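Contents: one structure, followed by commentary.
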Amino acid sequence: MTSQGSPSVSQPPARPLWRRALGPRLRAAGLALPLVAFVTVTFLGPMLSLLTKSFHDPEVADALPETMAALRDWDGQGTPPDAAFAAVAREFVAARTERNLGRTANRVNRVASGMRSTIMGSSREMVDAAAAAEAAGEATDGAFWRETMIAIDSRWGGPEPWRALEAAGQRFTARHYLKALDFERGPDGGYVRAPEVWRIYVPLFWRTFLVSLGVTLLCLVIGYPVAHMIANSPPKRANALLLLVLLPFWTSLLVRTTSWIVLLQNQGIVNDFLVAVGLIGDDGRIAMIYNMTGTFVAMTHVLLPFLVLPLYSVMRAIPPAYMNAAVSLGATPFQALRRVYWPQTLPGVGAGCLLTFILAIGYYITPALVGGQSGQLISNMIAYHVQTSLNWGLAAALAALLLGGVTLLYVVYDRLVGIDRIGLG
Amino acid sequence: MRSSGAVVLGVVLVAGCRLAAEPPSGSAPGGDVEERSITAVSYGGSYARACVKGYHEPFTAETGVRVHVADFMGGLAQVRAQVEAGAVHWDVVDLNVAETVNGCDEGVLELIDPAILPPGPNGELPEDDFLPEMNTECGVGTLLFSTIYAYNRDVLTGPAPTRLADFFDLERFPGRRGLRRSPEAILEMALMADGVPKERVYDVLSTPEGLERVFGKLDTIKDQVVWWDTSAQAPQLLADGEVVMTTAANGRIFNAQVLEKQPFVIVWDGQVLNRGQLAIVAGTPRLDDAIRFVRHAARAESMAGVGRYIAYSPARYSAEKLIDRHFETGTEMWPHMPTNPANMKNYLMTDWQWWADHGDEMLERFTAWLAR
């Protein structure tokens with residue numbers, strides 16, 4: 001106590017100082033507040049809430065609470081106790097009458113296909129059975145429903161539909177991630193790898209990765225000489241050249257993508273030209289769009305400025321004297337480029353490639369428009385599950401895997417190259 | 001300070017979203033005369049035009065309620081999204097039976113009381129006058145349409161394809177094929193072309209081996225397929241010579257034949273018939289007008305109005321008698337109708353119960369197969 005007491009004696013003058021420093025600092029932070037609020041409301045919040053959906057799926061649990069409670073003690077073998085039959089019957093009949101059983105059935109169907117027809121078909125007859133029993137004054141207890149439900153659909157006499165209900169009723173679940181990694185429910189309820197013909201997401205992740213890598217390399221091969229030329233031109237010409245790079249950058253993504261359709265399609269300008277000069281026959285027109293070629297061409301064009309601009313600003317900062325010195329000391333131009341110039345541009349190469357690659361890996365509009373079927377990437381699948389199948393859990397799991405992959409790459413890059421070596425000039 | 005700023009911004013953003021989600025239809029604010037309108041959603045192009053001419057315009061003339069037309073590509077996704085988000089701006093949607101049955105089970109479509117169905121022009125009772133299985137709890141039948149395949153006689157100059165199997169025969173008929181990017185009808189056609197008798201198509205489709213067989217059959221033409229999304233694209237692909245043959249809704253090909261004088265030929269062998277219905281989106285604030293609209297569309301005269309613009313068979317027997325010639329060109333309509341006995345020598349009626357149960361799963365399988 002006393003040892004702490006003595007320094008506190010000297011503290012009173014420190015507090016006003018801390019207070020005096022707080023004012024301007026708060027005001028400075030206040031300037032950033034709108035941005036922080038904007039990012040939180042429009043980006044971080046929605047992103048987190050969507051990512052939560054990838055492992056939190058309470059819909060079935062909320063719709064069938066009594067069934068889930070009755071199934072909690074079931075060991076997964078044979079059929080569940082009578083109480084579960086009674087609970088499921090009560091909740092199916094009630095939901096059917098209120099016309100919201102279809103949504104629950106769809107959710108269960110995602111766990112085990114065929115469950116939709118089992119639930120909808122059975123519940124239709126269960127409503128009638130409940131009404132008939134009530135009219136006859138019969139008791140509708142668990143034993144009654146066990147008999148009735150198995151009579152309506154013999155599948156209720158086995159463990160599969162109950163396991164599916166139980167699995168769909170898990171509030172916190174890894175099933176979306178398992179599905180996103182091409183696992184499916186096996187006959188015993190466990191997860192096994194899907195047969196090869198039905199694997200879709202893992203191959204798509206690979207394709208997305210390879211396409212992004214390819215596009216980044218193409219951009220580098222095309223962009224490096226361009227950036228070098230602009231950086232070493234006299235200011236007037238450099239401005240004009242830079243404008244040529246920036247002009248497409250300012251043009252709408254949609255316009256640029258659809259322009260490629262006009263150019264590359266079967267009856268398009270490039271094919272017409274090739275036919276006109278006799279390089280190919282009219283029946284031998286080349287399919288350059290609605291496939292992987294189209295995706296590569298359009299994405300490379302769209303992403304090129306993201307590589308040229310950081311490269312350009314780094315190259316501008318390299319004094320030409322270095323290259324002159326290397327050549328005057330006896331290096332061939334290639335040696336000088338490789339050993340003197342290239343290492344100095346690496347920060348720009350790193351920045352440009354990382355930027356291009358990360359943008360490419362999430363590309364969606366361009367492949368959707370010009371990719372046909374073979375040129376679709378993982379983002380198109382995420383969009384499909386968000387917009388069409390409305391399976392947001394799976395979409396969120398796919399997005400989370402993509403985000404995780406990009407973060408991993410970033411970390412690896414940081415370890416190998418060092419993020420601090422990235423330079424934008 | 002910090003939190004209040006975020007709250008204000010949040011409120012502004014939410015208000016902005018509300019404004020953006022506000023339907024374009026509805027009563028005009030500030031005007032003296034309240035203008036009533038509903039939004040009817042269908043597949044666009046010549047079919048939407050037939051609906052506008054056939055019964056939207058007469059409906060507006062009779063009731064004063066304007067009808068906005070919006071296009072979609074079929075399916076329940078947008079309806080589900082609107083209902084779940086509580087922002088319903090579609091009122092009446094053109095769907096097939098399997099979709100209305102599913103939407104009905106999910107509660108995203110309104111129940112329609114069969115008592116609203118009007119009698120026929122000579123007092124025919126609706127229950128006798130509608131073709132079998134045309135109406136369901138949430139759907140009112142308006143027409144029968146058919147998925148067929150067609151070719152362009154100017155492009156395909158050699159021997160003419162006549163059977164469904166010819167569509168899959170790349171040796172005798174080389175060239176690209178147009179197909180709708182949807183499993184509907186294609187799965188049935190592929191199995192029938194593979195030799196499965198039409199009575200067994202849905203049994204086979206229900207087995208894992210059957211699914212492998214159908215996608216195996218589709219694999220044989222996959223690299224030659226140009227996929228299309230909106231019905232209007234099919235005749236366009238044929239006209240441009242991008243494909244030598246394409247599946248299509250029969251009415252689209254008919255319109256290109258009579259209005260644009262395209263040399264298209266429909267192969268009726270193995271046609272897949274389906275029932276088209278109108279349904280009302282659950283929770284629409286314009287429910288009364290939507291019901292009036294559906295009731296109007298269910299009249300025999302309305303169906304005949306559509307059937308005189310586009311070759312889809314009406315859902316009522318009494319409407320069949322009202323259809324004779326095309327409104328604009330005077331072409332006899334009945335030879336082009338999918339239910340004409342001459343065109344029905346080998347047809348399949350879509351099993352809506354099967355599609356209601358398996359539709360989502362098939363779409364998923366189909367999408368997986370496409371992405372491979």
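We label chains A, B, ... in the order they appear in the structure tokens, count residues from 1 in each chain, and number ligands from 1 in the order shown.
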**Message:** Set the cut-off to 7 Å and count only C-alpha atoms: what are the residues of chain B that reach chain A? Output as a PyMOL selection string.
**Reply:** chain B and resi 6+10+77+105-107+357+361+368+370-372
Please give the complete set of residues from stretch 46-140 of chain A that DSSP, run on the backbone, assigns to helix (DSSP H, G or I), formatted as a PDB file with N, CA and C atoms, in the first residue's frame.
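Produced file out.pdb, reproduced below:
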ATOM      1  N   PRO A  46     -23.029  -6.484 -41.473  1.00  0.00           N
ATOM      2  CA  PRO A  46     -23.622  -7.485 -42.360  1.00  0.00           C
ATOM      3  C   PRO A  46     -22.714  -8.693 -42.577  1.00  0.00           C
ATOM      4  N   MET A  47     -21.405  -8.438 -42.681  1.00  0.00           N
ATOM      5  CA  MET A  47     -20.496  -9.545 -42.947  1.00  0.00           C
ATOM      6  C   MET A  47     -20.494 -10.518 -41.776  1.00  0.00           C
ATOM      7  N   LEU A  48     -20.403  -9.980 -40.576  1.00  0.00           N
ATOM      8  CA  LEU A  48     -20.393 -10.859 -39.404  1.00  0.00           C
ATOM      9  C   LEU A  48     -21.720 -11.608 -39.272  1.00  0.00           C
ATOM     10  N   SER A  49     -22.821 -10.897 -39.511  1.00  0.00           N
ATOM     11  CA  SER A  49     -24.114 -11.564 -39.335  1.00  0.00           C
ATOM     12  C   SER A  49     -24.281 -12.658 -40.375  1.00  0.00           C
ATOM     13  N   LEU A  50     -23.754 -12.441 -41.574  1.00  0.00           N
ATOM     14  CA  LEU A  50     -23.852 -13.470 -42.605  1.00  0.00           C
ATOM     15  C   LEU A  50     -22.922 -14.639 -42.284  1.00  0.00           C
ATOM     16  N   LEU A  51     -21.732 -14.316 -41.800  1.00  0.00           N
ATOM     17  CA  LEU A  51     -20.799 -15.395 -41.461  1.00  0.00           C
ATOM     18  C   LEU A  51     -21.354 -16.250 -40.325  1.00  0.00           C
ATOM     19  N   THR A  52     -22.108 -15.598 -39.429  1.00  0.00           N
ATOM     20  CA  THR A  52     -22.724 -16.358 -38.339  1.00  0.00           C
ATOM     21  C   THR A  52     -23.658 -17.426 -38.891  1.00  0.00           C
ATOM     22  N   LYS A  53     -24.334 -17.097 -39.988  1.00  0.00           N
ATOM     23  CA  LYS A  53     -25.277 -18.049 -40.559  1.00  0.00           C
ATOM     24  C   LYS A  53     -24.602 -19.330 -41.023  1.00  0.00           C
ATOM     25  N   GLU A  59     -33.494 -22.307 -37.677  1.00  0.00           N
ATOM     26  CA  GLU A  59     -34.860 -22.313 -38.204  1.00  0.00           C
ATOM     27  C   GLU A  59     -35.653 -23.568 -37.828  1.00  0.00           C
ATOM     28  N   VAL A  60     -35.060 -24.760 -38.062  1.00  0.00           N
ATOM     29  CA  VAL A  60     -35.790 -25.995 -37.788  1.00  0.00           C
ATOM     30  C   VAL A  60     -35.981 -26.164 -36.278  1.00  0.00           C
ATOM     31  N   ALA A  61     -34.943 -25.821 -35.506  1.00  0.00           N
ATOM     32  CA  ALA A  61     -35.052 -25.943 -34.047  1.00  0.00           C
ATOM     33  C   ALA A  61     -36.182 -25.056 -33.525  1.00  0.00           C
ATOM     34  N   ASP A  62     -36.331 -23.849 -34.110  1.00  0.00           N
ATOM     35  CA  ASP A  62     -37.399 -22.956 -33.672  1.00  0.00           C
ATOM     36  C   ASP A  62     -38.760 -23.440 -34.124  1.00  0.00           C
ATOM     37  N   ALA A  63     -38.802 -24.084 -35.301  1.00  0.00           N
ATOM     38  CA  ALA A  63     -40.097 -24.509 -35.844  1.00  0.00           C
ATOM     39  C   ALA A  63     -40.597 -25.772 -35.147  1.00  0.00           C
ATOM     40  N   PRO A  65     -39.743 -27.225 -31.800  1.00  0.00           N
ATOM     41  CA  PRO A  65     -39.050 -27.309 -30.500  1.00  0.00           C
ATOM     42  C   PRO A  65     -39.386 -28.583 -29.722  1.00  0.00           C
ATOM     43  N   GLU A  66     -40.673 -28.996 -29.734  1.00  0.00           N
ATOM     44  CA  GLU A  66     -41.057 -30.179 -28.945  1.00  0.00           C
ATOM     45  C   GLU A  66     -40.414 -31.430 -29.525  1.00  0.00           C
ATOM     46  N   THR A  67     -40.389 -31.515 -30.868  1.00  0.00           N
ATOM     47  CA  THR A  67     -39.770 -32.675 -31.508  1.00  0.00           C
ATOM     48  C   THR A  67     -38.302 -32.770 -31.118  1.00  0.00           C
ATOM     49  N   MET A  68     -37.623 -31.626 -31.148  1.00  0.00           N
ATOM     50  CA  MET A  68     -36.201 -31.630 -30.821  1.00  0.00           C
ATOM     51  C   MET A  68     -35.979 -32.054 -29.368  1.00  0.00           C
ATOM     52  N   ALA A  69     -36.875 -31.593 -28.486  1.00  0.00           N
ATOM     53  CA  ALA A  69     -36.742 -31.975 -27.072  1.00  0.00           C
ATOM     54  C   ALA A  69     -36.960 -33.479 -26.915  1.00  0.00           C
ATOM     55  N   ALA A  70     -37.946 -34.016 -27.654  1.00  0.00           N
ATOM     56  CA  ALA A  70     -38.255 -35.442 -27.531  1.00  0.00           C
ATOM     57  C   ALA A  70     -37.142 -36.303 -28.127  1.00  0.00           C
ATOM     58  N   LEU A  71     -36.433 -35.762 -29.119  1.00  0.00           N
ATOM     59  CA  LEU A  71     -35.378 -36.548 -29.773  1.00  0.00           C
ATOM     60  C   LEU A  71     -34.058 -36.471 -29.013  1.00  0.00           C
ATOM     61  N   ASP A  82     -42.242 -43.054 -28.236  1.00  0.00           N
ATOM     62  CA  ASP A  82     -43.569 -42.583 -28.655  1.00  0.00           C
ATOM     63  C   ASP A  82     -43.720 -41.076 -28.510  1.00  0.00           C
ATOM     64  N   ALA A  83     -43.078 -40.517 -27.489  1.00  0.00           N
ATOM     65  CA  ALA A  83     -43.215 -39.080 -27.244  1.00  0.00           C
ATOM     66  C   ALA A  83     -42.776 -38.275 -28.472  1.00  0.00           C
ATOM     67  N   ALA A  84     -41.759 -38.773 -29.181  1.00  0.00           N
ATOM     68  CA  ALA A  84     -41.284 -38.056 -30.356  1.00  0.00           C
ATOM     69  C   ALA A  84     -42.335 -38.103 -31.466  1.00  0.00           C
ATOM     70  N   PHE A  85     -42.997 -39.263 -31.632  1.00  0.00           N
ATOM     71  CA  PHE A  85     -44.057 -39.365 -32.640  1.00  0.00           C
ATOM     72  C   PHE A  85     -45.169 -38.375 -32.319  1.00  0.00           C
ATOM     73  N   ALA A  86     -45.548 -38.325 -31.015  1.00  0.00           N
ATOM     74  CA  ALA A  86     -46.630 -37.419 -30.625  1.00  0.00           C
ATOM     75  C   ALA A  86     -46.235 -35.970 -30.873  1.00  0.00           C
ATOM     76  N   ALA A  87     -44.981 -35.615 -30.525  1.00  0.00           N
ATOM     77  CA  ALA A  87     -44.531 -34.235 -30.678  1.00  0.00           C
ATOM     78  C   ALA A  87     -44.477 -33.851 -32.151  1.00  0.00           C
ATOM     79  N   VAL A  88     -43.892 -34.718 -32.973  1.00  0.00           N
ATOM     80  CA  VAL A  88     -43.751 -34.396 -34.390  1.00  0.00           C
ATOM     81  C   VAL A  88     -45.130 -34.259 -35.031  1.00  0.00           C
ATOM     82  N   ALA A  89     -46.066 -35.129 -34.621  1.00  0.00           N
ATOM     83  CA  ALA A  89     -47.406 -35.063 -35.206  1.00  0.00           C
ATOM     84  C   ALA A  89     -48.078 -33.751 -34.838  1.00  0.00           C
ATOM     85  N   ARG A  90     -47.945 -33.377 -33.551  1.00  0.00           N
ATOM     86  CA  ARG A  90     -48.572 -32.128 -33.116  1.00  0.00           C
ATOM     87  C   ARG A  90     -48.007 -30.948 -33.900  1.00  0.00           C
ATOM     88  N   GLU A  91     -46.688 -30.919 -34.037  1.00  0.00           N
ATOM     89  CA  GLU A  91     -46.070 -29.754 -34.686  1.00  0.00           C
ATOM     90  C   GLU A  91     -46.260 -29.758 -36.207  1.00  0.00           C
ATOM     91  N   PHE A  92     -46.234 -30.943 -36.806  1.00  0.00           N
ATOM     92  CA  PHE A  92     -46.491 -31.010 -38.253  1.00  0.00           C
ATOM     93  C   PHE A  92     -47.909 -30.533 -38.564  1.00  0.00           C
ATOM     94  N   VAL A  93     -48.879 -31.052 -37.812  1.00  0.00           N
ATOM     95  CA  VAL A  93     -50.270 -30.707 -38.097  1.00  0.00           C
ATOM     96  C   VAL A  93     -50.490 -29.209 -37.891  1.00  0.00           C
ATOM     97  N   ALA A  94     -49.908 -28.672 -36.801  1.00  0.00           N
ATOM     98  CA  ALA A  94     -50.083 -27.240 -36.546  1.00  0.00           C
ATOM     99  C   ALA A  94     -49.420 -26.406 -37.646  1.00  0.00           C
ATOM    100  N   ALA A  95     -48.184 -26.766 -38.028  1.00  0.00           N
ATOM    101  CA  ALA A  95     -47.466 -25.991 -39.041  1.00  0.00           C
ATOM    102  C   ALA A  95     -48.144 -26.113 -40.395  1.00  0.00           C
ATOM    103  N   ARG A  96     -48.649 -27.309 -40.675  1.00  0.00           N
ATOM    104  CA  ARG A  96     -49.339 -27.537 -41.954  1.00  0.00           C
ATOM    105  C   ARG A  96     -50.561 -26.629 -42.023  1.00  0.00           C
ATOM    106  N   THR A  97     -51.310 -26.534 -40.926  1.00  0.00           N
ATOM    107  CA  THR A  97     -52.512 -25.713 -40.917  1.00  0.00           C
ATOM    108  C   THR A  97     -52.150 -24.241 -41.092  1.00  0.00           C
ATOM    109  N   LEU A 101     -45.096 -25.202 -42.942  1.00  0.00           N
ATOM    110  CA  LEU A 101     -44.313 -26.432 -42.847  1.00  0.00           C
ATOM    111  C   LEU A 101     -43.363 -26.572 -44.041  1.00  0.00           C
ATOM    112  N   GLY A 102     -43.773 -25.999 -45.196  1.00  0.00           N
ATOM    113  CA  GLY A 102     -42.952 -26.132 -46.405  1.00  0.00           C
ATOM    114  C   GLY A 102     -41.540 -25.627 -46.202  1.00  0.00           C
ATOM    115  N   ARG A 103     -41.408 -24.523 -45.489  1.00  0.00           N
ATOM    116  CA  ARG A 103     -40.066 -23.954 -45.257  1.00  0.00           C
ATOM    117  C   ARG A 103     -39.226 -24.880 -44.403  1.00  0.00           C
ATOM    118  N   THR A 104     -39.849 -25.427 -43.346  1.00  0.00           N
ATOM    119  CA  THR A 104     -39.125 -26.368 -42.498  1.00  0.00           C
ATOM    120  C   THR A 104     -38.714 -27.588 -43.319  1.00  0.00           C
ATOM    121  N   ALA A 105     -39.657 -28.100 -44.125  1.00  0.00           N
ATOM    122  CA  ALA A 105     -39.377 -29.287 -44.933  1.00  0.00           C
ATOM    123  C   ALA A 105     -38.211 -29.025 -45.883  1.00  0.00           C
ATOM    124  N   ASN A 106     -38.167 -27.828 -46.465  1.00  0.00           N
ATOM    125  CA  ASN A 106     -37.052 -27.488 -47.362  1.00  0.00           C
ATOM    126  C   ASN A 106     -35.729 -27.535 -46.616  1.00  0.00           C
ATOM    127  N   ARG A 107     -35.737 -27.022 -45.365  1.00  0.00           N
ATOM    128  CA  ARG A 107     -34.498 -27.017 -44.593  1.00  0.00           C
ATOM    129  C   ARG A 107     -34.033 -28.443 -44.298  1.00  0.00           C
ATOM    130  N   VAL A 108     -35.001 -29.300 -43.923  1.00  0.00           N
ATOM    131  CA  VAL A 108     -34.634 -30.687 -43.610  1.00  0.00           C
ATOM    132  C   VAL A 108     -34.160 -31.390 -44.885  1.00  0.00           C
ATOM    133  N   ASN A 109     -34.775 -31.039 -46.020  1.00  0.00           N
ATOM    134  CA  ASN A 109     -34.414 -31.649 -47.289  1.00  0.00           C
ATOM    135  C   ASN A 109     -32.958 -31.371 -47.651  1.00  0.00           C
ATOM    136  N   ARG A 110     -32.418 -30.265 -47.168  1.00  0.00           N
ATOM    137  CA  ARG A 110     -31.018 -29.946 -47.457  1.00  0.00           C
ATOM    138  C   ARG A 110     -30.086 -30.881 -46.702  1.00  0.00           C
ATOM    139  N   VAL A 111     -30.577 -31.416 -45.586  1.00  0.00           N
ATOM    140  CA  VAL A 111     -29.766 -32.363 -44.822  1.00  0.00           C
ATOM    141  C   VAL A 111     -29.845 -33.746 -45.460  1.00  0.00           C
ATOM    142  N   MET A 115     -36.469 -35.747 -47.985  1.00  0.00           N
ATOM    143  CA  MET A 115     -37.234 -35.469 -46.768  1.00  0.00           C
ATOM    144  C   MET A 115     -38.391 -34.514 -47.020  1.00  0.00           C
ATOM    145  N   ARG A 116     -38.238 -33.660 -48.042  1.00  0.00           N
ATOM    146  CA  ARG A 116     -39.323 -32.731 -48.328  1.00  0.00           C
ATOM    147  C   ARG A 116     -40.603 -33.484 -48.666  1.00  0.00           C
ATOM    148  N   SER A 117     -40.489 -34.463 -49.569  1.00  0.00           N
ATOM    149  CA  SER A 117     -41.693 -35.193 -49.957  1.00  0.00           C
ATOM    150  C   SER A 117     -42.190 -36.051 -48.803  1.00  0.00           C
ATOM    151  N   THR A 118     -41.268 -36.618 -47.997  1.00  0.00           N
ATOM    152  CA  THR A 118     -41.704 -37.413 -46.841  1.00  0.00           C
ATOM    153  C   THR A 118     -42.529 -36.548 -45.892  1.00  0.00           C
ATOM    154  N   ILE A 119     -42.005 -35.364 -45.580  1.00  0.00           N
ATOM    155  CA  ILE A 119     -42.693 -34.504 -44.608  1.00  0.00           C
ATOM    156  C   ILE A 119     -43.998 -33.953 -45.176  1.00  0.00           C
ATOM    157  N   MET A 120     -43.933 -33.404 -46.399  1.00  0.00           N
ATOM    158  CA  MET A 120     -45.137 -32.787 -46.949  1.00  0.00           C
ATOM    159  C   MET A 120     -46.211 -33.830 -47.225  1.00  0.00           C
ATOM    160  N   GLY A 121     -45.784 -34.971 -47.792  1.00  0.00           N
ATOM    161  CA  GLY A 121     -46.748 -36.019 -48.109  1.00  0.00           C
ATOM    162  C   GLY A 121     -47.388 -36.584 -46.847  1.00  0.00           C
ATOM    163  N   SER A 122     -46.552 -36.905 -45.848  1.00  0.00           N
ATOM    164  CA  SER A 122     -47.092 -37.487 -44.613  1.00  0.00           C
ATOM    165  C   SER A 122     -48.008 -36.508 -43.895  1.00  0.00           C
ATOM    166  N   SER A 123     -47.561 -35.239 -43.802  1.00  0.00           N
ATOM    167  CA  SER A 123     -48.318 -34.285 -42.996  1.00  0.00           C
ATOM    168  C   SER A 123     -49.706 -34.045 -43.587  1.00  0.00           C
ATOM    169  N   ARG A 124     -49.779 -34.138 -44.947  1.00  0.00           N
ATOM    170  CA  ARG A 124     -51.086 -33.958 -45.590  1.00  0.00           C
ATOM    171  C   ARG A 124     -52.065 -34.991 -45.021  1.00  0.00           C
ATOM    172  N   GLU A 125     -51.594 -36.246 -44.958  1.00  0.00           N
ATOM    173  CA  GLU A 125     -52.487 -37.304 -44.470  1.00  0.00           C
ATOM    174  C   GLU A 125     -52.633 -37.266 -42.948  1.00  0.00           C
ATOM    175  N   MET A 126     -51.601 -36.718 -42.278  1.00  0.00           N
ATOM    176  CA  MET A 126     -51.684 -36.652 -40.811  1.00  0.00           C
ATOM    177  C   MET A 126     -52.755 -35.666 -40.362  1.00  0.00           C
ATOM    178  N   VAL A 127     -52.929 -34.590 -41.136  1.00  0.00           N
ATOM    179  CA  VAL A 127     -53.988 -33.630 -40.802  1.00  0.00           C
ATOM    180  C   VAL A 127     -55.336 -34.343 -40.860  1.00  0.00           C
ATOM    181  N   ASP A 128     -55.536 -35.134 -41.928  1.00  0.00           N
ATOM    182  CA  ASP A 128     -56.798 -35.872 -42.061  1.00  0.00           C
ATOM    183  C   ASP A 128     -56.964 -36.876 -40.930  1.00  0.00           C
ATOM    184  N   ALA A 129     -55.845 -37.576 -40.606  1.00  0.00           N
ATOM    185  CA  ALA A 129     -55.923 -38.600 -39.551  1.00  0.00           C
ATOM    186  C   ALA A 129     -56.282 -37.966 -38.208  1.00  0.00           C
ATOM    187  N   ALA A 130     -55.689 -36.777 -37.949  1.00  0.00           N
ATOM    188  CA  ALA A 130     -55.972 -36.101 -36.679  1.00  0.00           C
ATOM    189  C   ALA A 130     -57.443 -35.706 -36.616  1.00  0.00           C
ATOM    190  N   ALA A 131     -57.963 -35.195 -37.740  1.00  0.00           N
ATOM    191  CA  ALA A 131     -59.364 -34.780 -37.769  1.00  0.00           C
ATOM    192  C   ALA A 131     -60.282 -35.987 -37.591  1.00  0.00           C
ATOM    193  N   ALA A 132     -59.928 -37.098 -38.277  1.00  0.00           N
ATOM    194  CA  ALA A 132     -60.759 -38.308 -38.189  1.00  0.00           C
ATOM    195  C   ALA A 132     -60.775 -38.845 -36.761  1.00  0.00           C
ATOM    196  N   ALA A 133     -59.585 -38.844 -36.123  1.00  0.00           N
ATOM    197  CA  ALA A 133     -59.496 -39.362 -34.764  1.00  0.00           C
ATOM    198  C   ALA A 133     -60.312 -38.496 -33.807  1.00  0.00           C
ATOM    199  N   GLU A 134     -60.254 -37.196 -34.038  1.00  0.00           N
ATOM    200  CA  GLU A 134     -60.999 -36.294 -33.156  1.00  0.00           C
ATOM    201  C   GLU A 134     -62.497 -36.500 -33.318  1.00  0.00           C
ATOM    202  N   ALA A 135     -62.914 -36.675 -34.586  1.00  0.00           N
ATOM    203  CA  ALA A 135     -64.341 -36.887 -34.846  1.00  0.00           C
ATOM    204  C   ALA A 135     -64.817 -38.181 -34.195  1.00  0.00           C
ATOM    205  N   ALA A 136     -63.935 -39.211 -34.206  1.00  0.00           N
ATOM    206  CA  ALA A 136     -64.320 -40.501 -33.628  1.00  0.00           C
ATOM    207  C   ALA A 136     -64.106 -40.532 -32.129  1.00  0.00           C
TER     208      ALA A 136
END
**Computed interatomic separation between atom CA of A:Ala298 and atom CA of A:Ser259 (Å)** =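 Separation between atom CA of A:Ala298 and atom CA of A:Ser259: 9.3 Å.
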**Prompt:** Which distance in Å separates atom CA of B:Ile112 and atom CA of B:Ala282, to one decimal?
**Reply:** 10.7 Å
Near B:Met337, counting only C-alpha atoms, which residues have an atom at most 10 Å away, once you skip same-chain residues fewer than 3 positions from it, shown as a short mmCIF file (atom, residue, chain, number, x, y, z; two decimals) with C-alpha atoms, in the first residue's frame?
data_model
loop_
_atom_site.label_atom_id
_atom_site.label_comp_id
_atom_site.auth_asym_id
_atom_site.auth_seq_id
_atom_site.Cartn_x
_atom_site.Cartn_y
_atom_site.Cartn_z
CA LEU B 144 -50.94 -25.42 -71.27
CA PHE B 145 -47.53 -24.79 -72.75
CA SER B 146 -45.07 -27.20 -74.21
CA ASN B 250 -43.58 -23.71 -78.37
CA GLY B 251 -45.29 -20.32 -78.39
CA PHE B 254 -44.71 -19.93 -83.24
CA GLY B 307 -54.48 -18.00 -77.37
CA ILE B 310 -49.50 -16.99 -78.95
CA ALA B 311 -49.92 -20.74 -79.45
CA TYR B 312 -50.57 -21.87 -75.89
CA SER B 313 -53.65 -24.01 -75.28
CA PRO B 314 -56.27 -22.50 -72.97
CA GLU B 332 -55.02 -20.63 -88.15
CA MET B 333 -54.09 -21.18 -84.49
CA TRP B 334 -55.10 -24.79 -83.87
CA ASN B 340 -53.80 -30.46 -81.14
CA PRO B 341 -54.10 -34.28 -81.56
CA ALA B 342 -51.79 -34.12 -84.57
CA ASN B 343 -49.05 -32.77 -82.29
CA MET B 344 -49.81 -35.16 -79.42
#
**Request:** Report as a PyMOL selection string: the residues of stretch 123-370 of chain A with a DSSP assignment of strand (DSSP E), based on the backbone of this structure.
**Result:** chain A and resi 183-185+191-193
**Request:** Show which residues sit within 10 Å of B:Cys51, as a ChimeraX atom specification. Count only C-alpha atoms, and ignore same-chain residues fewer than 6 positions away.
**Result:** /B:40,42,44,57,69,297,302-303,305-307,309-310
**Asked** Leaving out A:Thr216 and any residue of its chain fewer than 6 positions from it, which residues lie within 8 Å of it when counting only C-alpha atoms, given as a ChimeraX atom specification?
**Response** /A:300,353,356-357,360
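The spacing separating atom CA of A:Ser212 from atom CA of A:Leu253 amounts to 17.5 Å.
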**Request:** Skip B:Pro285 itself and residues of its chain fewer than 3 positions away, then list as a PyMOL selection string all residues within 10 Å of it, counting only C-alpha atoms.
**Result:** chain B and resi 26+38+87-91+281-282+288-290
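Minimum distance to A:Leu402 across A:Val417, A:Leu359, A:Val302, A:Ile365 (counting only C-alpha atoms) occurs at A:Leu359.
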**Spatial neighbours of B:Val196, max dist 12 Å, only C-alpha atoms, sep filter under 5 positions, as a PyMOL selection string** = chain B and resi 165+187-191+201-205+210+213-214+217+270+348
Would you mind exporting C-alpha atoms of the selected residues as a CSV table (one decimal), in the first residue's frame?
chain,number,residue,atom,x,y,z
B,165,ALA,CA,-33.7,-38.7,-80.2
B,187,LEU,CA,-34.3,-34.3,-67.8
B,188,GLU,CA,-37.5,-35.9,-69.1
B,189,MET,CA,-36.4,-35.3,-72.7
B,190,ALA,CA,-33.0,-36.8,-72.2
B,191,LEU,CA,-34.4,-39.9,-70.6
B,201,VAL,CA,-39.7,-41.4,-66.9
B,202,TYR,CA,-40.4,-40.2,-63.3
B,203,ASP,CA,-39.8,-43.6,-61.8
B,204,VAL,CA,-36.4,-43.7,-63.4
B,205,LEU,CA,-35.6,-40.1,-62.4
B,210,GLY,CA,-31.7,-42.9,-63.2
B,213,ARG,CA,-28.2,-42.1,-66.7
B,214,VAL,CA,-29.9,-38.7,-67.4
B,217,LYS,CA,-27.1,-38.6,-71.7
B,270,GLY,CA,-41.5,-36.1,-77.3
B,348,LEU,CA,-45.3,-36.3,-71.8
